[in-house]
file upload-v3.cif (mmCIF, N, CA and C atoms)
data_final
#
loop_
_atom_site.label_atom_id
_atom_site.label_comp_id
_atom_site.auth_asym_id
_atom_site.auth_seq_id
_atom_site.Cartn_x
_atom_site.Cartn_y
_atom_site.Cartn_z
N MET A 549 -18.38 6.36 -6.29
CA MET A 549 -16.96 6.11 -6.07
C MET A 549 -16.15 7.19 -6.78
N LEU A 550 -15.11 7.63 -6.14
CA LEU A 550 -14.24 8.66 -6.72
C LEU A 550 -13.46 8.10 -7.90
N SER A 551 -13.22 8.95 -8.90
CA SER A 551 -12.34 8.55 -9.99
C SER A 551 -10.95 8.36 -9.42
N ASP A 552 -10.09 7.70 -10.18
CA ASP A 552 -8.72 7.47 -9.72
C ASP A 552 -8.01 8.78 -9.41
N ALA A 553 -8.12 9.74 -10.32
CA ALA A 553 -7.45 11.02 -10.12
C ALA A 553 -8.00 11.74 -8.88
N SER A 554 -9.32 11.71 -8.70
CA SER A 554 -9.93 12.36 -7.54
C SER A 554 -9.55 11.66 -6.24
N PHE A 555 -9.47 10.35 -6.29
CA PHE A 555 -9.07 9.58 -5.11
C PHE A 555 -7.67 9.99 -4.65
N LEU A 556 -6.70 9.99 -5.58
CA LEU A 556 -5.34 10.37 -5.20
C LEU A 556 -5.26 11.83 -4.77
N ALA A 557 -5.98 12.70 -5.46
CA ALA A 557 -5.97 14.12 -5.09
C ALA A 557 -6.52 14.31 -3.67
N ALA A 558 -7.60 13.63 -3.35
CA ALA A 558 -8.19 13.74 -2.01
C ALA A 558 -7.26 13.14 -0.95
N LEU A 559 -6.62 12.03 -1.28
CA LEU A 559 -5.66 11.44 -0.36
C LEU A 559 -4.52 12.41 -0.08
N GLU A 560 -3.96 12.95 -1.13
CA GLU A 560 -2.82 13.86 -0.98
C GLU A 560 -3.19 15.17 -0.30
N ALA A 561 -4.43 15.60 -0.48
CA ALA A 561 -4.90 16.84 0.17
C ALA A 561 -5.37 16.59 1.60
N GLY A 562 -5.51 15.32 1.96
CA GLY A 562 -5.98 14.98 3.30
C GLY A 562 -7.47 15.11 3.46
N THR A 563 -8.21 15.17 2.35
CA THR A 563 -9.66 15.34 2.40
C THR A 563 -10.42 14.04 2.15
N LEU A 564 -9.70 12.97 1.89
CA LEU A 564 -10.33 11.67 1.67
C LEU A 564 -10.96 11.22 3.00
N PRO A 565 -12.20 10.75 2.97
CA PRO A 565 -12.79 10.26 4.23
C PRO A 565 -11.95 9.09 4.76
N PRO A 566 -11.68 9.06 6.06
CA PRO A 566 -10.85 7.99 6.63
C PRO A 566 -11.34 6.59 6.26
N GLU A 567 -12.65 6.41 6.18
CA GLU A 567 -13.18 5.08 5.86
C GLU A 567 -12.85 4.67 4.41
N ALA A 568 -12.48 5.61 3.58
CA ALA A 568 -12.10 5.29 2.19
C ALA A 568 -10.63 4.89 2.09
N PHE A 569 -9.92 4.93 3.22
CA PHE A 569 -8.50 4.60 3.18
C PHE A 569 -8.16 3.47 4.16
N GLY A 570 -8.99 2.45 4.11
CA GLY A 570 -8.69 1.22 4.83
C GLY A 570 -7.70 0.42 3.99
N HIS A 571 -7.65 -0.88 4.21
CA HIS A 571 -6.68 -1.71 3.49
C HIS A 571 -6.87 -1.62 1.98
N ARG A 572 -8.11 -1.73 1.52
CA ARG A 572 -8.37 -1.65 0.07
C ARG A 572 -7.98 -0.28 -0.48
N GLY A 573 -8.21 0.78 0.28
CA GLY A 573 -7.81 2.12 -0.15
C GLY A 573 -6.30 2.25 -0.28
N HIS A 574 -5.58 1.63 0.65
CA HIS A 574 -4.12 1.61 0.55
C HIS A 574 -3.69 0.87 -0.72
N LEU A 575 -4.32 -0.26 -0.97
CA LEU A 575 -3.98 -1.03 -2.18
C LEU A 575 -4.27 -0.21 -3.43
N ARG A 576 -5.40 0.49 -3.42
CA ARG A 576 -5.76 1.31 -4.58
C ARG A 576 -4.73 2.41 -4.81
N ALA A 577 -4.35 3.10 -3.76
CA ALA A 577 -3.34 4.16 -3.90
C ALA A 577 -2.04 3.60 -4.44
N GLY A 578 -1.58 2.49 -3.88
CA GLY A 578 -0.35 1.86 -4.36
C GLY A 578 -0.46 1.47 -5.83
N PHE A 579 -1.57 0.86 -6.18
CA PHE A 579 -1.82 0.46 -7.57
C PHE A 579 -1.75 1.67 -8.50
N LEU A 580 -2.38 2.76 -8.09
CA LEU A 580 -2.41 3.96 -8.93
C LEU A 580 -1.03 4.61 -9.04
N TYR A 581 -0.31 4.70 -7.94
CA TYR A 581 1.04 5.27 -8.01
C TYR A 581 1.94 4.42 -8.91
N LEU A 582 1.82 3.10 -8.79
CA LEU A 582 2.65 2.22 -9.62
C LEU A 582 2.27 2.28 -11.10
N GLY A 583 1.08 2.72 -11.39
CA GLY A 583 0.66 2.90 -12.78
C GLY A 583 1.20 4.19 -13.38
N ARG A 584 1.67 5.10 -12.53
CA ARG A 584 2.14 6.41 -12.99
C ARG A 584 3.63 6.62 -12.79
N LEU A 585 4.20 5.89 -11.86
CA LEU A 585 5.59 6.12 -11.46
C LEU A 585 6.36 4.81 -11.45
N ASP A 586 7.68 4.91 -11.50
CA ASP A 586 8.46 3.68 -11.34
C ASP A 586 8.46 3.31 -9.85
N PHE A 587 8.98 2.13 -9.54
CA PHE A 587 8.86 1.61 -8.18
C PHE A 587 9.42 2.55 -7.10
N PRO A 588 10.66 3.02 -7.23
CA PRO A 588 11.18 3.91 -6.17
C PRO A 588 10.34 5.19 -6.01
N GLU A 589 9.93 5.77 -7.13
CA GLU A 589 9.12 6.99 -7.05
C GLU A 589 7.75 6.70 -6.43
N ALA A 590 7.18 5.53 -6.74
CA ALA A 590 5.89 5.15 -6.15
C ALA A 590 6.03 4.98 -4.64
N CYS A 591 7.14 4.41 -4.19
CA CYS A 591 7.38 4.26 -2.76
C CYS A 591 7.42 5.61 -2.07
N VAL A 592 8.11 6.56 -2.66
CA VAL A 592 8.21 7.91 -2.08
C VAL A 592 6.84 8.59 -2.08
N ALA A 593 6.12 8.50 -3.19
CA ALA A 593 4.80 9.14 -3.29
C ALA A 593 3.83 8.53 -2.28
N MET A 594 3.87 7.23 -2.16
CA MET A 594 2.97 6.55 -1.23
C MET A 594 3.28 6.94 0.21
N LYS A 595 4.56 6.96 0.56
CA LYS A 595 4.94 7.36 1.92
C LYS A 595 4.49 8.79 2.19
N ARG A 596 4.76 9.67 1.27
CA ARG A 596 4.39 11.07 1.44
C ARG A 596 2.87 11.20 1.64
N ALA A 597 2.10 10.46 0.84
CA ALA A 597 0.64 10.54 0.93
C ALA A 597 0.14 10.00 2.27
N ILE A 598 0.65 8.84 2.68
CA ILE A 598 0.18 8.23 3.93
C ILE A 598 0.57 9.08 5.14
N VAL A 599 1.82 9.53 5.16
CA VAL A 599 2.28 10.34 6.30
C VAL A 599 1.46 11.63 6.39
N GLY A 600 1.25 12.29 5.27
CA GLY A 600 0.46 13.52 5.27
C GLY A 600 -0.98 13.29 5.68
N PHE A 601 -1.58 12.22 5.15
CA PHE A 601 -2.96 11.90 5.47
C PHE A 601 -3.11 11.59 6.95
N ALA A 602 -2.22 10.75 7.48
CA ALA A 602 -2.27 10.39 8.90
C ALA A 602 -2.07 11.62 9.79
N ALA A 603 -1.15 12.49 9.40
CA ALA A 603 -0.90 13.70 10.20
C ALA A 603 -2.14 14.59 10.25
N ARG A 604 -2.85 14.69 9.12
CA ARG A 604 -4.06 15.52 9.09
C ARG A 604 -5.16 14.93 9.98
N LEU A 605 -5.08 13.63 10.22
CA LEU A 605 -6.05 12.97 11.11
C LEU A 605 -5.57 12.98 12.56
N GLY A 606 -4.37 13.54 12.79
CA GLY A 606 -3.82 13.56 14.13
C GLY A 606 -3.24 12.21 14.54
N LYS A 607 -2.89 11.38 13.55
CA LYS A 607 -2.35 10.04 13.82
C LYS A 607 -1.02 9.88 13.11
N GLY A 608 -0.09 10.76 13.40
CA GLY A 608 1.18 10.82 12.71
C GLY A 608 2.06 9.60 12.82
N THR A 609 1.75 8.66 13.72
CA THR A 609 2.61 7.49 13.89
C THR A 609 2.07 6.25 13.16
N LEU A 610 1.07 6.41 12.33
CA LEU A 610 0.47 5.25 11.68
C LEU A 610 1.30 4.66 10.54
N TYR A 611 2.17 5.45 9.93
CA TYR A 611 2.90 4.95 8.76
C TYR A 611 3.80 3.77 9.13
N HIS A 612 3.79 2.76 8.28
CA HIS A 612 4.58 1.54 8.51
C HIS A 612 5.38 1.26 7.23
N GLU A 613 6.68 1.52 7.30
CA GLU A 613 7.56 1.41 6.12
C GLU A 613 7.57 0.01 5.53
N THR A 614 7.71 -1.00 6.36
CA THR A 614 7.80 -2.37 5.83
C THR A 614 6.50 -2.79 5.16
N LEU A 615 5.38 -2.55 5.80
CA LEU A 615 4.09 -2.89 5.17
C LEU A 615 3.90 -2.18 3.85
N THR A 616 4.20 -0.91 3.83
CA THR A 616 3.98 -0.11 2.63
C THR A 616 4.85 -0.59 1.48
N VAL A 617 6.14 -0.70 1.70
CA VAL A 617 7.05 -1.10 0.62
C VAL A 617 6.78 -2.54 0.18
N ALA A 618 6.53 -3.42 1.13
CA ALA A 618 6.27 -4.82 0.77
C ALA A 618 5.00 -4.96 -0.06
N TYR A 619 3.94 -4.26 0.33
CA TYR A 619 2.71 -4.33 -0.46
C TYR A 619 2.92 -3.71 -1.85
N LEU A 620 3.66 -2.63 -1.92
CA LEU A 620 3.96 -2.05 -3.23
C LEU A 620 4.72 -3.04 -4.10
N ALA A 621 5.64 -3.78 -3.51
CA ALA A 621 6.39 -4.78 -4.26
C ALA A 621 5.46 -5.89 -4.76
N LEU A 622 4.54 -6.33 -3.93
CA LEU A 622 3.60 -7.37 -4.35
C LEU A 622 2.70 -6.87 -5.48
N ILE A 623 2.24 -5.64 -5.37
CA ILE A 623 1.41 -5.07 -6.42
C ILE A 623 2.22 -4.91 -7.71
N ALA A 624 3.42 -4.37 -7.60
CA ALA A 624 4.27 -4.17 -8.79
C ALA A 624 4.57 -5.49 -9.49
N GLU A 625 4.86 -6.50 -8.71
CA GLU A 625 5.16 -7.82 -9.27
C GLU A 625 3.99 -8.33 -10.11
N ARG A 626 2.79 -8.16 -9.61
CA ARG A 626 1.61 -8.61 -10.32
C ARG A 626 1.25 -7.70 -11.49
N ARG A 627 1.44 -6.42 -11.32
CA ARG A 627 1.16 -5.48 -12.43
C ARG A 627 2.04 -5.76 -13.63
N ALA A 628 3.24 -6.25 -13.40
CA ALA A 628 4.17 -6.52 -14.50
C ALA A 628 3.61 -7.52 -15.49
N ASP A 629 2.70 -8.37 -15.05
CA ASP A 629 2.10 -9.39 -15.91
C ASP A 629 0.79 -8.94 -16.55
N GLU A 630 0.40 -7.71 -16.29
CA GLU A 630 -0.90 -7.22 -16.76
C GLU A 630 -0.75 -6.08 -17.75
N PRO A 631 -1.80 -5.83 -18.55
CA PRO A 631 -1.76 -4.68 -19.45
C PRO A 631 -1.63 -3.37 -18.65
N ALA A 632 -0.94 -2.42 -19.19
CA ALA A 632 -0.71 -1.15 -18.50
C ALA A 632 -2.01 -0.44 -18.13
N ASP A 633 -3.06 -0.66 -18.90
CA ASP A 633 -4.31 0.05 -18.67
C ASP A 633 -5.32 -0.73 -17.83
N ILE A 634 -4.86 -1.77 -17.13
CA ILE A 634 -5.78 -2.55 -16.30
C ILE A 634 -6.39 -1.66 -15.22
N LEU A 635 -7.67 -1.86 -14.96
CA LEU A 635 -8.37 -1.09 -13.94
C LEU A 635 -8.18 -1.74 -12.57
N PHE A 636 -8.25 -0.94 -11.54
CA PHE A 636 -8.01 -1.42 -10.18
C PHE A 636 -8.95 -2.57 -9.81
N ASP A 637 -10.26 -2.41 -10.05
CA ASP A 637 -11.20 -3.46 -9.67
C ASP A 637 -10.91 -4.77 -10.40
N THR A 638 -10.54 -4.68 -11.66
CA THR A 638 -10.18 -5.88 -12.43
C THR A 638 -8.93 -6.52 -11.84
N PHE A 639 -7.96 -5.69 -11.54
CA PHE A 639 -6.71 -6.17 -10.93
C PHE A 639 -6.99 -6.90 -9.62
N MET A 640 -7.80 -6.29 -8.77
CA MET A 640 -8.09 -6.90 -7.47
C MET A 640 -8.88 -8.19 -7.62
N ALA A 641 -9.74 -8.28 -8.62
CA ALA A 641 -10.47 -9.53 -8.86
C ALA A 641 -9.52 -10.65 -9.27
N GLN A 642 -8.44 -10.28 -9.95
CA GLN A 642 -7.46 -11.27 -10.38
C GLN A 642 -6.48 -11.65 -9.28
N TYR A 643 -6.30 -10.78 -8.32
CA TYR A 643 -5.34 -11.02 -7.24
C TYR A 643 -5.98 -10.77 -5.87
N PRO A 644 -7.02 -11.53 -5.55
CA PRO A 644 -7.74 -11.29 -4.28
C PRO A 644 -6.90 -11.54 -3.04
N GLU A 645 -5.81 -12.30 -3.18
CA GLU A 645 -4.96 -12.58 -2.02
C GLU A 645 -4.37 -11.29 -1.43
N LEU A 646 -4.24 -10.26 -2.24
CA LEU A 646 -3.69 -9.00 -1.73
C LEU A 646 -4.60 -8.36 -0.69
N GLN A 647 -5.88 -8.70 -0.74
CA GLN A 647 -6.84 -8.14 0.22
C GLN A 647 -6.85 -8.89 1.54
N ASP A 648 -6.19 -10.04 1.58
CA ASP A 648 -6.18 -10.89 2.75
C ASP A 648 -4.90 -10.66 3.54
N VAL A 649 -5.03 -10.05 4.69
CA VAL A 649 -3.86 -9.74 5.51
C VAL A 649 -3.14 -11.03 5.92
N ALA A 650 -3.87 -12.12 6.07
CA ALA A 650 -3.24 -13.39 6.42
C ALA A 650 -2.27 -13.84 5.32
N TYR A 651 -2.58 -13.56 4.08
CA TYR A 651 -1.68 -13.90 2.98
C TYR A 651 -0.34 -13.18 3.16
N PHE A 652 -0.40 -11.92 3.51
CA PHE A 652 0.82 -11.13 3.69
C PHE A 652 1.65 -11.67 4.85
N ARG A 653 1.01 -12.17 5.87
CA ARG A 653 1.71 -12.67 7.06
C ARG A 653 2.65 -13.84 6.72
N ARG A 654 2.46 -14.49 5.59
CA ARG A 654 3.36 -15.61 5.25
C ARG A 654 4.77 -15.13 4.96
N TYR A 655 4.93 -13.84 4.71
CA TYR A 655 6.24 -13.28 4.41
C TYR A 655 7.01 -12.85 5.67
N TYR A 656 6.30 -12.69 6.77
CA TYR A 656 6.92 -12.21 8.00
C TYR A 656 6.43 -13.04 9.19
N PRO A 657 7.35 -13.60 9.97
CA PRO A 657 6.94 -14.36 11.15
C PRO A 657 6.25 -13.47 12.18
N ALA A 658 5.51 -14.10 13.06
CA ALA A 658 4.81 -13.37 14.13
C ALA A 658 5.78 -12.49 14.90
N GLY A 659 5.35 -11.27 15.18
CA GLY A 659 6.14 -10.34 15.96
C GLY A 659 7.01 -9.39 15.16
N VAL A 660 7.40 -9.79 13.96
CA VAL A 660 8.31 -8.95 13.16
C VAL A 660 7.65 -7.63 12.78
N LEU A 661 6.44 -7.69 12.28
CA LEU A 661 5.77 -6.47 11.82
C LEU A 661 5.36 -5.54 12.97
N GLU A 662 5.31 -6.08 14.16
CA GLU A 662 4.94 -5.26 15.31
C GLU A 662 6.13 -4.50 15.88
N ALA A 663 7.33 -4.85 15.48
CA ALA A 663 8.53 -4.20 16.00
C ALA A 663 8.63 -2.76 15.50
N ALA A 664 9.09 -1.88 16.37
CA ALA A 664 9.24 -0.47 16.00
C ALA A 664 10.17 -0.30 14.80
N GLU A 665 11.17 -1.14 14.71
CA GLU A 665 12.14 -1.07 13.61
C GLU A 665 11.46 -1.19 12.24
N THR A 666 10.45 -2.06 12.15
CA THR A 666 9.79 -2.27 10.85
C THR A 666 8.89 -1.11 10.46
N ARG A 667 8.52 -0.29 11.42
CA ARG A 667 7.73 0.90 11.11
C ARG A 667 8.62 1.98 10.48
N ARG A 668 9.87 2.03 10.92
CA ARG A 668 10.79 3.09 10.50
C ARG A 668 11.55 2.78 9.22
N THR A 669 11.86 1.51 9.00
CA THR A 669 12.69 1.14 7.86
C THR A 669 12.19 -0.17 7.27
N PHE A 670 12.43 -0.36 5.99
CA PHE A 670 11.99 -1.58 5.33
C PHE A 670 12.84 -2.76 5.79
N ILE A 671 12.18 -3.80 6.21
CA ILE A 671 12.83 -5.04 6.61
C ILE A 671 12.47 -6.10 5.55
N LEU A 672 13.50 -6.78 5.04
CA LEU A 672 13.25 -7.82 4.05
C LEU A 672 12.38 -8.91 4.63
N PRO A 673 11.57 -9.55 3.77
CA PRO A 673 10.74 -10.66 4.25
C PRO A 673 11.61 -11.78 4.84
N ARG A 674 11.06 -12.42 5.82
CA ARG A 674 11.73 -13.56 6.46
C ARG A 674 10.74 -14.72 6.38
N PRO A 675 11.08 -15.74 5.66
CA PRO A 675 10.13 -16.85 5.53
C PRO A 675 9.75 -17.43 6.88
N ARG A 676 8.49 -17.79 6.99
CA ARG A 676 8.01 -18.42 8.21
C ARG A 676 8.60 -19.81 8.31
N VAL A 677 8.91 -20.19 9.52
CA VAL A 677 9.38 -21.53 9.79
C VAL A 677 8.29 -22.23 10.59
N ASP A 678 7.61 -23.15 9.95
CA ASP A 678 6.50 -23.85 10.64
C ASP A 678 6.92 -25.23 11.06
#
call {"tool": "encode", "arguments": {"input": "upload-v3.cif", "output": "structure tokens"}}
result
Amino acid sequence: MLSDASFLAALEAGTLPPEAFGHRGHLRAGFLYLGRLDFPEACVAMKRAIVGFAARLGKGTLYHETLTVAYLALIAERRADEPADILFDTFMAQYPELQDVAYFRRYYPAGVLEAAETRRTFILPRPRVD
């Protein structure tokens, strides 16, 4: 497994293997940026990394603003209760719900995340009405 610094460097250089940047890879990058930067700076760094990585793969339309910012907010909220030096694997063991996409869906009703608008700009969560 790549060290944290090597992981981010490879992501930013576009040399990270695509299979290393699935959902857990996205969470890891967000976790690492939030450990080094404040929230707004982490959002910018994460967007820059994802957009650049996707472009190098020829998939320039993959970036999703709402998903990215919302997940960063969830990670930041949980990191605030943890020691600054917590390791990613320890963090994920404590907050396994972040790995479950169904957990995230509770913040957005069906169809909202699929809208083009949510890819371009951050949309506030809308509680599900069941």
call {"tool": "closest_residue", "arguments": {"input": "upload-v3.cif", "among": "A:Met594, A:Ala561, A:Lys607, A:Gly600", "to": "Tyr581 in chain A", "atoms": "all atoms listed in the file"}}
result
A:Met594
call {"tool": "closest_residue", "arguments": {"input": "upload-v3.cif", "among": "A:His574, A:Gly562, A:Pro673, A:Arg667", "to": "Ala603 in chain A", "atoms": "all atoms listed in the file"}}
result
A:Gly562
call {"tool": "atom_distance", "arguments": {"input": "upload-v3.cif", "atom1": "CA of Leu580 in chain A", "atom2": "CA of Leu661 in chain A"}}
result
24.6 Å
call {"tool": "residues_around", "arguments": {"input": "upload-v3.cif", "residues": "Thr666 in chain A", "least_positions_apart": "2", "cutoff": "5 Å", "atoms": "only N, CA and C atoms", "output": "list of chain:residue names"}}
result
A:Glu613, A:Thr614, A:Ala663, A:Ala664, A:Arg668, A:Thr669
call {"tool": "closest_residue", "arguments": {"input": "upload-v3.cif", "among": "A:Ala553, A:Ala624, A:Leu615, A:Val599", "to": "Leu585 in chain A", "atoms": "only C-alpha atoms"}}
result
A:Ala624
call {"tool": "select_by_dssp", "arguments": {"input": "upload-v3.cif", "residues": "range 549-588 of chain A", "states": "alpha helix (DSSP H)", "output": "number ranges by chain"}}
result
A: 552-561, 571-584, 587-588
call {"tool": "atom_distance", "arguments": {"input": "upload-v3.cif", "atom1": "CA of Pro565 in chain A", "atom2": "CA of Gly606 in chain A"}}
result
13.8 Å
call {"tool": "residues_near_point", "arguments": {"input": "upload-v3.cif", "point": "(3.8, -8.0, -10.5)", "cutoff": "12 Å", "atoms": "only C-alpha atoms", "output": "VMD selection string"}}
result
chain A and resid 579 582 to 583 587 618 to 632 639 642 to 643 646
call {"tool": "write_last_selection", "arguments": {"input": "upload-v3.cif", "atoms": "N, CA and C atoms", "output": "short mmCIF file (atom, residue, chain, number, x, y, z; two decimals), keeping the file's coordinate frame"}}
result
data_model
loop_
_atom_site.label_atom_id
_atom_site.label_comp_id
_atom_site.auth_asym_id
_atom_site.auth_seq_id
_atom_site.Cartn_x
_atom_site.Cartn_y
_atom_site.Cartn_z
N PHE A 579 -1.57 0.86 -6.18
CA PHE A 579 -1.82 0.46 -7.57
C PHE A 579 -1.75 1.67 -8.50
N LEU A 582 1.82 3.10 -8.79
CA LEU A 582 2.65 2.22 -9.62
C LEU A 582 2.27 2.28 -11.10
N GLY A 583 1.08 2.72 -11.39
CA GLY A 583 0.66 2.90 -12.78
C GLY A 583 1.20 4.19 -13.38
N PHE A 587 8.98 2.13 -9.54
CA PHE A 587 8.86 1.61 -8.18
C PHE A 587 9.42 2.55 -7.10
N ALA A 618 6.53 -3.42 1.13
CA ALA A 618 6.27 -4.82 0.77
C ALA A 618 5.00 -4.96 -0.06
N TYR A 619 3.94 -4.26 0.33
CA TYR A 619 2.71 -4.33 -0.46
C TYR A 619 2.92 -3.71 -1.85
N LEU A 620 3.66 -2.63 -1.92
CA LEU A 620 3.96 -2.05 -3.23
C LEU A 620 4.72 -3.04 -4.10
N ALA A 621 5.64 -3.78 -3.51
CA ALA A 621 6.39 -4.78 -4.26
C ALA A 621 5.46 -5.89 -4.76
N LEU A 622 4.54 -6.33 -3.93
CA LEU A 622 3.60 -7.37 -4.35
C LEU A 622 2.70 -6.87 -5.48
N ILE A 623 2.24 -5.64 -5.37
CA ILE A 623 1.41 -5.07 -6.42
C ILE A 623 2.22 -4.91 -7.71
N ALA A 624 3.42 -4.37 -7.60
CA ALA A 624 4.27 -4.17 -8.79
C ALA A 624 4.57 -5.49 -9.49
N GLU A 625 4.86 -6.50 -8.71
CA GLU A 625 5.16 -7.82 -9.27
C GLU A 625 3.99 -8.33 -10.11
N ARG A 626 2.79 -8.16 -9.61
CA ARG A 626 1.61 -8.61 -10.32
C ARG A 626 1.25 -7.70 -11.49
N ARG A 627 1.44 -6.42 -11.32
CA ARG A 627 1.16 -5.48 -12.43
C ARG A 627 2.04 -5.76 -13.63
N ALA A 628 3.24 -6.25 -13.40
CA ALA A 628 4.17 -6.52 -14.50
C ALA A 628 3.61 -7.52 -15.49
N ASP A 629 2.70 -8.37 -15.05
CA ASP A 629 2.10 -9.39 -15.91
C ASP A 629 0.79 -8.94 -16.55
N GLU A 630 0.40 -7.71 -16.29
CA GLU A 630 -0.90 -7.22 -16.76
C GLU A 630 -0.75 -6.08 -17.75
N PRO A 631 -1.80 -5.83 -18.55
CA PRO A 631 -1.76 -4.68 -19.45
C PRO A 631 -1.63 -3.37 -18.65
N ALA A 632 -0.94 -2.42 -19.19
CA ALA A 632 -0.71 -1.15 -18.50
C ALA A 632 -2.01 -0.44 -18.13
N PHE A 639 -7.96 -5.69 -11.54
CA PHE A 639 -6.71 -6.17 -10.93
C PHE A 639 -6.99 -6.90 -9.62
N GLN A 642 -8.44 -10.28 -9.95
CA GLN A 642 -7.46 -11.27 -10.38
C GLN A 642 -6.48 -11.65 -9.28
N TYR A 643 -6.30 -10.78 -8.32
CA TYR A 643 -5.34 -11.02 -7.24
C TYR A 643 -5.98 -10.77 -5.87
N LEU A 646 -4.24 -10.26 -2.24
CA LEU A 646 -3.69 -9.00 -1.73
C LEU A 646 -4.60 -8.36 -0.69
#
call {"tool": "resolve_selection", "arguments": {"input": "upload-v3.cif", "expression": "the PyMOL selection byres (((chain A and resi 568 and name CA) around 12) and name CA)", "output": "PDB file with N, CA and C atoms, in the coordinates of the input"}}
result
ATOM      1  N   MET A 549     -18.380   6.360  -6.290  1.00  0.00           N
ATOM      2  CA  MET A 549     -16.960   6.110  -6.070  1.00  0.00           C
ATOM      3  C   MET A 549     -16.150   7.190  -6.780  1.00  0.00           C
ATOM      4  N   LEU A 550     -15.110   7.630  -6.140  1.00  0.00           N
ATOM      5  CA  LEU A 550     -14.240   8.660  -6.720  1.00  0.00           C
ATOM      6  C   LEU A 550     -13.460   8.100  -7.900  1.00  0.00           C
ATOM      7  N   PHE A 555      -9.470  10.350  -6.290  1.00  0.00           N
ATOM      8  CA  PHE A 555      -9.070   9.580  -5.110  1.00  0.00           C
ATOM      9  C   PHE A 555      -7.670   9.990  -4.650  1.00  0.00           C
ATOM     10  N   LEU A 556      -6.700   9.990  -5.580  1.00  0.00           N
ATOM     11  CA  LEU A 556      -5.340  10.370  -5.200  1.00  0.00           C
ATOM     12  C   LEU A 556      -5.260  11.830  -4.770  1.00  0.00           C
ATOM     13  N   ALA A 558      -7.600  13.630  -3.350  1.00  0.00           N
ATOM     14  CA  ALA A 558      -8.190  13.740  -2.010  1.00  0.00           C
ATOM     15  C   ALA A 558      -7.260  13.140  -0.950  1.00  0.00           C
ATOM     16  N   LEU A 559      -6.620  12.030  -1.280  1.00  0.00           N
ATOM     17  CA  LEU A 559      -5.660  11.440  -0.360  1.00  0.00           C
ATOM     18  C   LEU A 559      -4.520  12.410  -0.080  1.00  0.00           C
ATOM     19  N   GLY A 562      -5.510  15.320   1.960  1.00  0.00           N
ATOM     20  CA  GLY A 562      -5.980  14.980   3.300  1.00  0.00           C
ATOM     21  C   GLY A 562      -7.470  15.110   3.460  1.00  0.00           C
ATOM     22  N   THR A 563      -8.210  15.170   2.350  1.00  0.00           N
ATOM     23  CA  THR A 563      -9.660  15.340   2.400  1.00  0.00           C
ATOM     24  C   THR A 563     -10.420  14.040   2.150  1.00  0.00           C
ATOM     25  N   LEU A 564      -9.700  12.970   1.890  1.00  0.00           N
ATOM     26  CA  LEU A 564     -10.330  11.670   1.670  1.00  0.00           C
ATOM     27  C   LEU A 564     -10.960  11.220   3.000  1.00  0.00           C
ATOM     28  N   PRO A 565     -12.200  10.750   2.970  1.00  0.00           N
ATOM     29  CA  PRO A 565     -12.790  10.260   4.230  1.00  0.00           C
ATOM     30  C   PRO A 565     -11.950   9.090   4.760  1.00  0.00           C
ATOM     31  N   PRO A 566     -11.680   9.060   6.060  1.00  0.00           N
ATOM     32  CA  PRO A 566     -10.850   7.990   6.630  1.00  0.00           C
ATOM     33  C   PRO A 566     -11.340   6.590   6.260  1.00  0.00           C
ATOM     34  N   GLU A 567     -12.650   6.410   6.180  1.00  0.00           N
ATOM     35  CA  GLU A 567     -13.180   5.080   5.860  1.00  0.00           C
ATOM     36  C   GLU A 567     -12.850   4.670   4.410  1.00  0.00           C
ATOM     37  N   PHE A 569      -9.920   4.930   3.220  1.00  0.00           N
ATOM     38  CA  PHE A 569      -8.500   4.600   3.180  1.00  0.00           C
ATOM     39  C   PHE A 569      -8.160   3.470   4.160  1.00  0.00           C
ATOM     40  N   GLY A 570      -8.990   2.450   4.110  1.00  0.00           N
ATOM     41  CA  GLY A 570      -8.690   1.220   4.830  1.00  0.00           C
ATOM     42  C   GLY A 570      -7.700   0.420   3.990  1.00  0.00           C
ATOM     43  N   HIS A 571      -7.650  -0.880   4.210  1.00  0.00           N
ATOM     44  CA  HIS A 571      -6.680  -1.710   3.490  1.00  0.00           C
ATOM     45  C   HIS A 571      -6.870  -1.620   1.980  1.00  0.00           C
ATOM     46  N   ARG A 572      -8.110  -1.730   1.520  1.00  0.00           N
ATOM     47  CA  ARG A 572      -8.370  -1.650   0.070  1.00  0.00           C
ATOM     48  C   ARG A 572      -7.980  -0.280  -0.480  1.00  0.00           C
ATOM     49  N   GLY A 573      -8.210   0.780   0.280  1.00  0.00           N
ATOM     50  CA  GLY A 573      -7.810   2.120  -0.150  1.00  0.00           C
ATOM     51  C   GLY A 573      -6.300   2.250  -0.280  1.00  0.00           C
ATOM     52  N   HIS A 574      -5.580   1.630   0.650  1.00  0.00           N
ATOM     53  CA  HIS A 574      -4.120   1.610   0.550  1.00  0.00           C
ATOM     54  C   HIS A 574      -3.690   0.870  -0.720  1.00  0.00           C
ATOM     55  N   LEU A 575      -4.320  -0.260  -0.970  1.00  0.00           N
ATOM     56  CA  LEU A 575      -3.980  -1.030  -2.180  1.00  0.00           C
ATOM     57  C   LEU A 575      -4.270  -0.210  -3.430  1.00  0.00           C
ATOM     58  N   ARG A 576      -5.400   0.490  -3.420  1.00  0.00           N
ATOM     59  CA  ARG A 576      -5.760   1.310  -4.580  1.00  0.00           C
ATOM     60  C   ARG A 576      -4.730   2.410  -4.810  1.00  0.00           C
ATOM     61  N   ALA A 577      -4.350   3.100  -3.760  1.00  0.00           N
ATOM     62  CA  ALA A 577      -3.340   4.160  -3.900  1.00  0.00           C
ATOM     63  C   ALA A 577      -2.040   3.600  -4.440  1.00  0.00           C
ATOM     64  N   PHE A 601      -1.580  12.220   5.150  1.00  0.00           N
ATOM     65  CA  PHE A 601      -2.960  11.900   5.470  1.00  0.00           C
ATOM     66  C   PHE A 601      -3.110  11.590   6.950  1.00  0.00           C
TER      67      PHE A 601
END
call {"tool": "closest_residue", "arguments": {"input": "upload-v3.cif", "among": "A:Arg674, A:Arg584, A:Arg654, A:Lys595", "to": "Tyr611 in chain A", "atoms": "all atoms listed in the file"}}
result
A:Lys595
